[in-house]
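Asker: Sharing coords-v4.txt here; it has compact mmCIF, C-alpha atoms.
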```txt
# COMPACT_ATOMS: atom_id res chain seq x y z
CA MET V 299 -68.94 62.27 145.42
CA ASN V 300 -71.05 62.04 148.56
CA THR V 301 -74.23 60.05 148.88
CA SER V 302 -76.49 63.11 149.01
CA PHE V 303 -75.15 64.44 145.70
CA ARG V 304 -75.52 61.05 143.99
CA PHE V 305 -79.07 60.83 145.24
CA LYS V 306 -79.92 64.32 143.96
CA LEU V 307 -78.30 63.59 140.59
CA ALA V 308 -80.22 60.32 140.24
CA ALA V 309 -83.46 62.10 141.14
CA PHE V 310 -82.74 64.87 138.63
CA VAL V 311 -81.99 62.38 135.83
CA PHE V 312 -85.08 60.34 136.70
CA ALA V 313 -87.28 63.45 136.66
CA GLY V 314 -85.78 64.45 133.32
CA LEU V 315 -86.58 61.06 131.84
CA LEU V 316 -90.16 61.36 133.06
CA LEU V 317 -90.46 64.79 131.45
CA LEU V 318 -88.94 63.80 128.10
CA PRO V 319 -92.17 62.36 126.59
CA THR V 320 -94.11 65.47 127.57
CA LEU V 321 -91.41 67.77 126.21
CA ASP V 322 -91.45 65.87 122.94
CA GLN V 323 -95.21 66.22 122.63
CA LEU V 324 -94.97 69.97 123.36
CA LEU V 325 -91.87 70.76 121.28
CA ASN V 326 -91.97 67.96 118.71
CA LEU V 327 -88.33 67.09 119.35
CA SER V 328 -88.51 63.73 117.53
CA LYS V 329 -90.19 65.06 114.38
CA ALA V 330 -87.49 63.44 112.22
CA TYR V 331 -88.89 60.01 113.11
CA LYS V 332 -92.15 59.62 111.22
CA SER V 333 -94.72 56.92 111.91
CA THR V 334 -94.83 54.26 109.20
CA GLU V 335 -98.01 52.60 110.42
CA ASN V 336 -100.51 52.09 107.62
CA ARG V 337 -103.48 53.25 109.65
CA GLN V 338 -104.97 56.38 111.17
CA GLN V 339 -103.77 57.01 114.69
CA SER V 340 -106.09 58.10 117.48
CA THR V 341 -106.63 61.82 118.05
CA LEU V 342 -106.92 63.58 121.40
CA PRO V 343 -110.49 62.90 122.58
CA PRO V 344 -112.67 65.70 123.95
CA LEU V 345 -113.72 65.63 127.60
CA HIS V 346 -117.47 65.81 128.12
CA PHE V 347 -118.88 65.62 131.63
CA PRO V 348 -120.15 63.37 133.05
CA HIS V 349 -118.63 60.83 130.60
CA VAL V 350 -115.26 60.76 132.33
CA ARG V 351 -114.84 56.98 132.17
CA SER V 352 -115.29 56.99 128.40
CA PHE V 353 -112.74 59.81 128.12
CA VAL V 354 -110.17 57.91 130.20
CA LYS V 355 -110.49 54.85 127.96
CA GLN V 356 -110.16 56.92 124.78
CA PHE V 357 -107.27 58.93 126.19
CA ASP V 358 -105.44 55.76 127.17
CA GLN V 359 -105.62 54.55 123.56
CA TYR V 360 -104.56 57.98 122.30
CA TYR V 361 -101.54 58.15 124.61
CA LYS V 362 -100.38 54.62 123.73
CA GLU V 363 -100.25 55.65 120.09
CA ASN V 364 -98.87 59.18 120.54
CA PHE V 365 -96.61 59.38 123.59
CA GLY V 366 -93.40 61.34 123.18
CA TRP V 367 -90.43 59.68 121.46
CA ARG V 368 -92.60 56.69 120.52
CA ASN V 369 -91.50 56.65 116.88
CA ALA V 370 -87.84 57.27 117.77
CA LEU V 371 -87.85 54.44 120.30
CA PHE V 372 -89.35 52.02 117.79
CA TYR V 373 -86.85 53.20 115.18
CA ALA V 374 -83.96 52.25 117.50
CA TYR V 375 -85.62 49.03 118.68
CA SER V 376 -86.31 47.92 115.10
CA ARG V 377 -82.67 48.25 114.07
CA TRP V 378 -81.40 46.53 117.19
CA LYS V 379 -83.80 43.64 116.73
CA LEU V 380 -83.32 43.23 112.98
CA ASN V 381 -79.68 44.12 112.39
CA LEU V 382 -78.13 42.73 115.57
CA LEU V 383 -80.38 39.79 116.43
CA GLY V 384 -81.65 38.99 112.92
CA GLU V 385 -85.23 38.86 114.20
CA SER V 386 -88.39 40.68 113.17
CA PRO V 387 -89.33 43.61 115.43
CA LEU V 388 -92.97 42.88 114.56
CA PRO V 389 -93.06 39.08 114.12
CA GLU V 390 -96.85 38.91 113.82
CA LYS V 391 -96.83 41.44 111.00
CA VAL V 392 -93.55 40.80 109.17
CA VAL V 393 -91.57 37.57 108.81
CA VAL V 394 -87.86 38.05 108.12
CA GLY V 395 -86.75 35.53 105.51
CA ASN V 396 -83.39 34.68 104.02
CA ASP V 397 -81.41 36.50 101.31
CA GLY V 398 -83.10 39.85 101.90
CA TRP V 399 -86.69 38.54 101.63
CA PHE V 400 -89.56 39.64 103.88
CA TYR V 401 -93.00 38.03 104.13
CA LEU V 402 -96.38 38.93 105.53
CA GLY V 403 -96.96 37.67 109.07
CA ASN V 404 -99.80 35.94 110.89
CA SER V 405 -101.69 39.09 111.82
CA TYR V 406 -103.03 39.10 108.25
CA ASN V 407 -105.59 36.30 108.16
CA ARG V 408 -103.06 33.93 109.77
CA VAL V 409 -101.27 33.61 106.45
CA VAL V 410 -98.23 31.89 107.98
CA ASP V 411 -100.39 29.25 109.66
CA GLN V 412 -102.19 28.74 106.36
CA HIS V 413 -98.94 27.88 104.61
CA ARG V 414 -97.81 25.67 107.48
CA GLY V 415 -100.97 23.61 106.98
CA LEU V 416 -102.46 24.59 110.35
CA LEU V 417 -105.64 26.08 108.81
CA PRO V 418 -106.69 23.64 106.09
CA LEU V 419 -109.69 24.35 103.90
CA SER V 420 -112.16 21.52 104.22
CA ALA V 421 -113.71 19.90 101.18
CA ASP V 422 -117.14 21.03 102.42
CA SER V 423 -115.97 24.66 102.67
CA ALA V 424 -114.48 24.46 99.19
CA ARG V 425 -117.74 23.03 97.86
CA ILE V 426 -119.74 25.89 99.43
CA ILE V 427 -117.44 28.41 97.75
CA ALA V 428 -117.75 26.59 94.42
CA GLN V 429 -121.54 26.57 94.68
CA HIS V 430 -121.64 30.27 95.51
CA LEU V 431 -119.37 31.17 92.58
CA THR V 432 -121.48 28.98 90.28
CA ALA V 433 -124.63 30.80 91.39
CA THR V 434 -122.90 34.12 90.74
CA GLN V 435 -121.85 32.97 87.28
CA GLN V 436 -125.38 31.85 86.44
CA ARG V 437 -126.88 35.12 87.65
CA LEU V 438 -124.47 37.12 85.50
CA ALA V 439 -124.93 34.82 82.51
CA LYS V 440 -128.64 35.68 82.47
CA GLN V 441 -127.53 39.26 81.80
CA GLY V 442 -125.14 38.20 79.06
CA ILE V 443 -122.08 38.74 81.26
CA ARG V 444 -119.06 36.42 81.44
CA PHE V 445 -117.56 35.82 84.88
CA TYR V 446 -113.94 35.02 85.83
CA VAL V 447 -112.15 34.48 89.13
CA LEU V 448 -108.41 35.19 89.39
CA ILE V 449 -106.28 34.13 92.37
CA ALA V 450 -103.13 36.15 93.12
CA PRO V 451 -100.75 33.81 94.96
CA ASP V 452 -99.06 34.75 98.21
CA SER V 453 -95.31 35.36 97.99
CA HIS V 454 -94.96 32.43 100.43
CA THR V 455 -96.20 30.21 97.60
CA ILE V 456 -94.02 31.58 94.80
CA TYR V 457 -90.81 32.03 96.83
CA PRO V 458 -90.93 29.41 99.62
CA GLU V 459 -87.16 28.85 99.30
CA HIS V 460 -86.44 32.17 101.04
CA LEU V 461 -88.69 31.58 104.05
CA PRO V 462 -86.85 31.21 107.39
CA THR V 463 -85.82 27.69 108.26
CA GLN V 464 -88.13 27.56 111.28
CA LEU V 465 -91.12 28.15 109.02
CA THR V 466 -91.72 24.88 107.24
CA VAL V 467 -94.30 24.96 104.44
CA SER V 468 -96.70 22.03 104.63
CA THR V 469 -96.37 19.27 102.05
CA GLN V 470 -100.11 18.58 102.29
CA PRO V 471 -102.51 20.08 99.72
CA SER V 472 -102.82 23.81 100.34
CA ARG V 473 -106.09 25.66 100.79
CA LEU V 474 -105.84 26.81 97.19
CA ASP V 475 -105.20 23.23 96.04
CA VAL V 476 -108.40 22.12 97.74
CA LEU V 477 -110.44 24.97 96.25
CA THR V 478 -108.97 24.48 92.78
CA LYS V 479 -110.01 20.82 92.91
CA ALA V 480 -113.56 21.80 93.85
CA MET V 481 -113.73 24.46 91.13
CA LYS V 482 -112.78 21.91 88.48
CA GLN V 483 -116.19 20.35 89.08
CA THR V 484 -117.84 23.59 87.95
CA ARG V 485 -117.91 25.61 84.74
CA VAL V 486 -116.63 28.78 86.40
CA PRO V 487 -113.36 30.00 84.85
CA PHE V 488 -111.11 29.77 87.92
CA ILE V 489 -107.68 31.12 87.03
CA ASP V 490 -104.91 29.66 89.18
CA ILE V 491 -101.64 31.20 87.97
CA ARG V 492 -99.20 29.61 90.40
CA ASP V 493 -97.50 27.47 87.74
CA THR V 494 -97.34 30.44 85.35
CA LEU V 495 -95.54 32.58 87.92
CA LEU V 496 -93.25 29.75 89.05
CA THR V 497 -92.15 29.35 85.44
CA ALA V 498 -91.74 33.10 84.92
CA LYS V 499 -89.56 33.48 88.02
CA GLU V 500 -86.91 31.35 86.37
CA GLU V 501 -86.30 34.29 84.03
CA GLN V 502 -87.11 37.33 86.20
CA VAL V 503 -88.09 38.01 89.79
CA VAL V 504 -91.89 38.33 89.90
CA TYR V 505 -92.51 39.50 93.49
CA TYR V 506 -91.03 42.26 95.57
CA GLN V 507 -88.60 41.10 98.25
CA THR V 508 -89.60 43.86 100.68
CA ASP V 509 -93.30 44.13 99.86
CA THR V 510 -96.48 42.08 100.08
CA HIS V 511 -97.22 42.17 96.35
CA TRP V 512 -96.06 40.98 92.99
CA ASN V 513 -93.83 43.44 91.17
CA ASP V 514 -94.76 44.97 87.83
CA TYR V 515 -93.19 42.11 85.88
CA GLY V 516 -95.18 39.58 87.90
CA THR V 517 -98.25 41.75 87.41
CA LEU V 518 -97.72 41.70 83.65
CA ILE V 519 -97.39 37.90 83.65
CA GLY V 520 -100.53 37.53 85.77
CA SER V 521 -102.47 40.00 83.62
CA ALA V 522 -101.45 38.15 80.44
CA ALA V 523 -102.65 34.84 81.96
CA LEU V 524 -106.03 36.42 82.75
CA LEU V 525 -106.37 37.95 79.28
CA ASN V 526 -105.43 34.70 77.56
CA ARG V 527 -108.14 32.88 79.51
CA ILE V 528 -110.74 35.49 78.54
CA ARG V 529 -109.64 35.20 74.90
CA GLN V 530 -110.72 31.55 74.94
CA ASP V 531 -114.30 32.84 75.22
CA ILE V 532 -113.87 36.18 73.40
CA PRO V 533 -111.40 35.62 70.54
CA THR V 534 -111.71 39.25 69.40
CA LEU V 535 -109.77 40.33 72.50
CA PRO V 536 -106.21 41.25 71.42
CA ALA V 537 -103.53 38.73 72.30
CA PRO V 538 -101.14 39.96 75.02
CA ARG V 539 -97.49 39.88 73.91
CA LEU V 540 -94.39 40.85 75.88
CA THR V 541 -93.16 42.62 72.75
CA ASP V 542 -95.98 45.14 73.26
CA TYR V 543 -94.19 46.44 76.36
CA ARG V 544 -90.99 48.32 76.98
CA ILE V 545 -89.40 46.69 80.01
CA GLN V 546 -86.55 48.40 81.85
CA LYS V 547 -84.84 47.58 85.14
CA GLN V 548 -84.04 50.13 87.81
CA ARG V 549 -82.80 50.08 91.37
CA GLY V 550 -85.69 49.24 93.68
CA LEU V 551 -87.01 50.90 96.85
CA GLY V 552 -88.19 49.58 100.17
CA GLY V 553 -91.71 48.14 100.19
CA ASP V 554 -94.61 48.04 102.62
CA LEU V 555 -93.08 45.28 104.78
CA THR V 556 -89.77 47.03 105.43
CA THR V 557 -91.65 50.33 105.83
CA MET V 558 -93.61 48.77 108.70
CA LEU V 559 -90.24 48.05 110.33
CA THR V 560 -88.94 51.58 109.49
CA VAL V 561 -85.98 50.05 107.62
CA GLN V 562 -87.16 50.86 104.09
CA ASP V 563 -84.04 52.95 103.39
CA GLU V 564 -81.61 50.20 104.41
CA HIS V 565 -83.48 47.20 102.96
CA ARG V 566 -84.52 47.79 99.36
CA ASP V 567 -85.48 45.61 96.45
CA PRO V 568 -82.51 44.97 94.16
CA VAL V 569 -84.62 45.58 91.05
CA TYR V 570 -87.67 47.58 90.02
CA PHE V 571 -89.34 47.00 86.66
CA ASP V 572 -90.42 50.09 84.74
CA ILE V 573 -92.88 48.76 82.16
CA LYS V 574 -94.64 50.87 79.52
CA PRO V 575 -97.29 49.46 77.14
CA ALA V 576 -97.34 50.26 73.45
CA PRO V 577 -99.78 53.05 72.48
CA ASP V 578 -102.35 50.61 71.06
CA ARG V 579 -102.36 48.71 74.38
CA THR V 580 -102.95 51.81 76.46
CA ALA V 581 -106.18 53.07 77.99
CA ARG V 582 -106.51 56.48 79.58
CA GLN V 583 -107.91 57.08 83.03
CA VAL V 584 -111.07 59.17 82.67
CA ALA V 585 -112.51 59.25 86.20
CA GLU V 586 -112.06 58.44 89.86
CA VAL V 587 -115.17 57.59 91.87
CA PRO V 588 -115.12 57.72 95.69
CA ASN V 589 -115.62 54.32 97.32
CA PRO V 590 -116.36 54.84 101.03
CA VAL V 591 -116.67 51.10 101.65
CA SER V 592 -113.07 50.25 100.75
CA GLY V 593 -111.58 53.70 101.27
CA PHE V 594 -109.92 53.51 97.85
CA PRO V 595 -111.41 55.32 94.85
CA SER V 596 -112.74 53.27 91.97
CA VAL V 597 -111.04 54.07 88.67
CA ARG V 598 -112.55 54.22 85.18
CA PHE V 599 -110.54 53.72 81.99
CA ALA V 600 -111.45 54.10 78.32
CA ARG V 601 -109.74 53.55 75.00
CA THR V 602 -109.66 56.21 72.30
CA THR V 603 -111.17 53.70 69.87
CA SER V 604 -113.44 50.89 70.96
CA ASP V 605 -112.77 48.43 68.07
CA GLY V 606 -115.79 46.43 69.21
CA LEU V 607 -114.01 45.35 72.39
CA PRO V 608 -115.93 44.27 75.52
CA ARG V 609 -116.54 46.34 78.64
CA LEU V 610 -114.87 45.20 81.87
CA LEU V 611 -115.86 45.40 85.54
CA PHE V 612 -112.94 44.41 87.76
CA ILE V 613 -113.40 43.78 91.50
CA GLY V 614 -110.12 43.22 93.31
CA ASP V 615 -107.87 43.82 96.29
CA SER V 616 -104.49 45.56 96.53
CA PHE V 617 -103.00 43.16 93.96
CA SER V 618 -105.33 44.65 91.36
CA HIS V 619 -103.81 48.12 91.72
CA SER V 620 -100.78 47.37 89.54
CA MET V 621 -102.98 45.49 87.04
CA MET V 622 -104.57 48.81 86.09
CA GLN V 623 -101.42 49.52 84.08
CA PHE V 624 -101.96 46.60 81.72
CA VAL V 625 -105.49 45.17 81.66
CA PRO V 626 -107.65 48.19 80.64
CA GLY V 627 -105.87 48.53 77.27
CA TYR V 628 -107.57 45.35 76.07
CA PHE V 629 -111.13 46.54 76.66
CA GLN V 630 -113.43 49.24 75.32
CA SER V 631 -113.80 50.49 78.89
CA ALA V 632 -112.78 49.20 82.31
CA PHE V 633 -114.00 50.00 85.81
CA PHE V 634 -111.74 48.91 88.69
CA MET V 635 -113.16 48.65 92.21
CA ARG V 636 -111.58 47.61 95.48
CA GLY V 637 -113.70 45.23 97.48
CA ARG V 638 -114.75 41.67 98.24
CA HIS V 639 -118.39 41.88 97.24
CA LEU V 640 -120.04 41.98 93.83
CA ASP V 641 -122.75 44.61 94.13
CA PRO V 642 -125.67 43.97 91.72
CA ALA V 643 -126.31 47.73 91.63
CA VAL V 644 -122.77 48.33 90.31
CA VAL V 645 -123.23 45.61 87.70
CA ALA V 646 -126.50 47.19 86.58
CA ALA V 647 -124.91 50.65 86.39
CA GLU V 648 -121.76 49.56 84.53
CA ARG V 649 -123.42 47.07 82.16
CA PRO V 650 -120.18 45.12 81.61
CA ASP V 651 -119.61 42.27 79.18
CA VAL V 652 -116.97 40.76 81.48
CA VAL V 653 -116.71 40.66 85.27
CA VAL V 654 -113.41 39.67 86.87
CA VAL V 655 -112.99 39.08 90.58
CA GLU V 656 -109.39 39.00 91.82
CA ILE V 657 -108.47 37.92 95.33
CA VAL V 658 -105.18 37.10 97.01
CA GLU V 659 -104.59 33.50 98.02
CA ARG V 660 -104.71 34.09 101.78
CA ASN V 661 -108.25 35.47 101.51
CA ILE V 662 -109.88 32.85 99.29
CA GLY V 663 -112.31 32.00 102.07
CA ASP V 664 -113.98 35.36 101.43
CA LEU V 665 -115.19 34.05 98.06
CA ALA V 666 -117.97 32.29 99.98
CA THR V 667 -119.59 35.68 100.56
CA LEU V 668 -118.72 37.42 97.30
```
Render the structure in this file as structure tokens.
Answerer:
Amino acid sequence: MNTSFRFKLAAFVFAGLLLLPTLDQLLNLSKAYKSTENRQQSTLPPLHFPHVRSFVKQFDQYYKENFGWRNALFYAYSRWKLNLLGESPLPEKVVVGNDGWFYLGNSYNRVVDQHRGLLPLSADSARIIAQHLTATQQRLAKQGIRFYVLIAPDSHTIYPEHLPTQLTVSTQPSRLDVLTKAMKQTRVPFIDIRDTLLTAKEEQVVYYQTDTHWNDYGTLIGSAALLNRIRQDIPTLPAPRLTDYRIQKQRGLGGDLTTMLTVQDEHRDPVYFDIKPAPDRTARQVAEVPNPVSGFPSVRFARTTSDGLPRLLFIGDSFSHSMMQFVPGYFQSAFFMRGRHLDPAVVAAERPDVVVVEIVERNIGDLATL
């Protein structure tokens, strides 16, 4: 093979590689590899003269997110990084633990640094949060409304034993420890269910291994803890009992963390809980209301018979989604909203007897601006 032929072959191969991304965008050759990013990707921007500089900036962002073979390349890279090297392809988003466990990474409110003790909550910050929640409670009490705050623990807290060895959880009081101490100086019902879940996990797994959230069994345990606390103030609320639920185990699927890595088919949860409430602990969904602030619709539930039960307004994050299976059946009506703010206009419109705010542990600082 002479030098001229080798040079022409190399040039031909190089030109082909340069053309591959464009060919993919024109012919959609890599359509089998779908994006698993949980966000809306940029669209091709229009060109309007004389705003060429703005177009170039927008097109650059568009091309970074949509160039040909992008998803296929990440698909291959993710498997090489995870399966061969045992490392996370997206270490800031997903932490690869031991024994098939995955955890949320630092790109989400620096949750890893929080659990390493690198972002402590000061006593002053905790006091400000406690004062704000007390003021909220007093404002609602003037309207005859009871107020409760529920903290959904991070999986790092409930299953620290599966975290990677290089991620050492701090032995100092956690941010939630500091806030719980401050809340004990108030009369706000502050529901810290860490011990409840740690006890429950001795019997059943309570969080997904491949997902950010608690599983349905953990959700049921957390919901029962909330309901039992409300019953201390409203004894007419039915008592939650595990015997009111049919609990079955099935083979699990891949969750949001492994989906981010595109390995949801290879790395699945070993168990999925299929839980059905008894008919008298069931509420039916009667409406969905658009919520442009959160992007998730608010959901209204009602029971067939009221039985003199209270009305519930529930403000929560993604952990509250699975709670909609269990909590509404204990109230005359329930209105679930995604968000981190308690809108007085919503309170006035819903006229609840009970307001519950649920927030995940890593975001407890947001309670200062509820």
Asker: For stretch 594-607 of chain V, list every protein, DNA or RNA residue within 6 Å, evaluated using only C-alpha atoms, and leave out those in the same chain fewer than 4 positions away; present the list as an MDAnalysis selection string.
Answerer: chainID V and resid 581:589 629:635
Asker: Restricting it to C-alpha atoms, dump the selection as a compact mmCIF listing (two decimals), in the frame of the given file.
Answerer:
```
# COMPACT_ATOMS: atom_id res chain seq x y z
CA ALA V 581 -106.18 53.07 77.99
CA ARG V 582 -106.51 56.48 79.58
CA GLN V 583 -107.91 57.08 83.03
CA VAL V 584 -111.07 59.17 82.67
CA ALA V 585 -112.51 59.25 86.20
CA GLU V 586 -112.06 58.44 89.86
CA VAL V 587 -115.17 57.59 91.87
CA PRO V 588 -115.12 57.72 95.69
CA ASN V 589 -115.62 54.32 97.32
CA PHE V 629 -111.13 46.54 76.66
CA GLN V 630 -113.43 49.24 75.32
CA SER V 631 -113.80 50.49 78.89
CA ALA V 632 -112.78 49.20 82.31
CA PHE V 633 -114.00 50.00 85.81
CA PHE V 634 -111.74 48.91 88.69
CA MET V 635 -113.16 48.65 92.21
```
Asker: Within 9 Å of stretch 437-444 of chain V, which residues of stretch 638-659 of chain V show up? Give each one with its shortest atom-to-atom distance in Å (one decimal) and the two atoms involved, counting only C-alpha atoms, rows by chain then rising residue number, as a Markdown table.
Answerer:
```
| residue | atom | partner | partner_atom | distance |
| --- | --- | --- | --- | --- |
| V:Val645 | CA | V:Leu438 | CA | 8.9 |
| V:Arg649 | CA | V:Ile443 | CA | 8.5 |
| V:Pro650 | CA | V:Ile443 | CA | 6.7 |
| V:Asp651 | CA | V:Ile443 | CA | 4.8 |
| V:Val652 | CA | V:Arg444 | CA | 4.8 |
| V:Val653 | CA | V:Arg444 | CA | 6.2 |
| V:Val654 | CA | V:Arg444 | CA | 8.5 |
```
Asker: Find the distance between atom CA of V:Asp563 and atom CA of V:Gln464 and write it in Å to one decimal.
Answerer: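 Between atom CA of V:Asp563 and atom CA of V:Gln464 the gap works out to 26.9 Å.
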Asker: Compare V:Thr667, V:Gln507, V:Gln470, V:Asn407 by their minimum atom-to-atom distance to V:Asp567, counting only C-alpha atoms, and give me the closest one.
Answerer: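 Among V:Thr667, V:Gln507, V:Gln470, V:Asn407, it is V:Gln507 that comes nearest to V:Asp567.
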Asker: Which is closest to V:Asp422 among V:Leu382, V:Ala374, V:Met558, V:Ala480, if we use all atoms listed in the file?
Answerer: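 Closest residue, counting all atoms listed in the file: V:Ala480.
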Asker: Residues within 7 Å of V:Tyr628, please, as an mmCIF file with C-alpha atoms, keeping the file's coordinate frame. Count all atoms listed in the file; anything in the same chain fewer than 4 positions from it doesn't count.
Answerer:
```cif
data_model
loop_
_atom_site.group_PDB
_atom_site.id
_atom_site.type_symbol
_atom_site.label_atom_id
_atom_site.label_comp_id
_atom_site.auth_asym_id
_atom_site.auth_seq_id
_atom_site.Cartn_x
_atom_site.Cartn_y
_atom_site.Cartn_z
ATOM 1 C CA LEU V 535 -109.770 40.330 72.500
ATOM 2 C CA PRO V 536 -106.210 41.250 71.420
ATOM 3 C CA ARG V 579 -102.360 48.710 74.380
#
```
Asker: Using only C-alpha atoms, which of V:Leu307, V:Ile489, V:Arg660, V:Gly398 sits nearest V:His413?
Answerer: V:Arg660
Asker: For a test of reading the model, state the distance in Å between atom CA of V:Ala666 and atom CA of V:Ile426, rounded to one decimal.
Answerer: 6.7 Å
Asker: Give me, as a list in words, all polymer residues having an atom no more than 9 Å from stretch 569-575 of chain V, counting all atoms listed in the file and skipping those fewer than 6 positions away in the same chain.
Answerer: Val503, Tyr506, Asn513, Asp514, Tyr515, Leu518, Asp542, Tyr543, Arg544, Ile545, Gln546, Lys547, Gln548, Arg549, Gly550, Leu551, Gln623, Phe624 and Gly627 of chain V
Asker: Restricting the output to C-alpha atoms, write the selected residues as a PDB file, keeping the file's coordinate frame.
Answerer:
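Dumped to selection12.pdb:
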```
ATOM      1  CA  VAL V 503     -88.090  38.010  89.790  1.00  0.00           C
ATOM      2  CA  TYR V 506     -91.030  42.260  95.570  1.00  0.00           C
ATOM      3  CA  ASN V 513     -93.830  43.440  91.170  1.00  0.00           C
ATOM      4  CA  ASP V 514     -94.760  44.970  87.830  1.00  0.00           C
ATOM      5  CA  TYR V 515     -93.190  42.110  85.880  1.00  0.00           C
ATOM      6  CA  LEU V 518     -97.720  41.700  83.650  1.00  0.00           C
ATOM      7  CA  ASP V 542     -95.980  45.140  73.260  1.00  0.00           C
ATOM      8  CA  TYR V 543     -94.190  46.440  76.360  1.00  0.00           C
ATOM      9  CA  ARG V 544     -90.990  48.320  76.980  1.00  0.00           C
ATOM     10  CA  ILE V 545     -89.400  46.690  80.010  1.00  0.00           C
ATOM     11  CA  GLN V 546     -86.550  48.400  81.850  1.00  0.00           C
ATOM     12  CA  LYS V 547     -84.840  47.580  85.140  1.00  0.00           C
ATOM     13  CA  GLN V 548     -84.040  50.130  87.810  1.00  0.00           C
ATOM     14  CA  ARG V 549     -82.800  50.080  91.370  1.00  0.00           C
ATOM     15  CA  GLY V 550     -85.690  49.240  93.680  1.00  0.00           C
ATOM     16  CA  LEU V 551     -87.010  50.900  96.850  1.00  0.00           C
ATOM     17  CA  GLN V 623    -101.420  49.520  84.080  1.00  0.00           C
ATOM     18  CA  PHE V 624    -101.960  46.600  81.720  1.00  0.00           C
ATOM     19  CA  GLY V 627    -105.870  48.530  77.270  1.00  0.00           C
TER      20      GLY V 627
END
```
Asker: Identify, on the basis of all atoms listed in the file, every residue whose closest approach to V:Ala428 does not exceed 9 Å; exclude the query and any residue fewer than 6 positions from it along the same chain; express the result as a list in words.
Answerer: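 The residues that qualify are Leu477, Ala480, Met481, Gln483, Thr484, Val486, Leu665 and Ala666 of chain V.
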Asker: For V:Ala498, which of V:Thr432, V:Thr517, V:Ser302, V:Ser616 is the closest residue, counting only C-alpha atoms?
Answerer: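 Ranked by minimum distance to V:Ala498, first place goes to V:Thr517.
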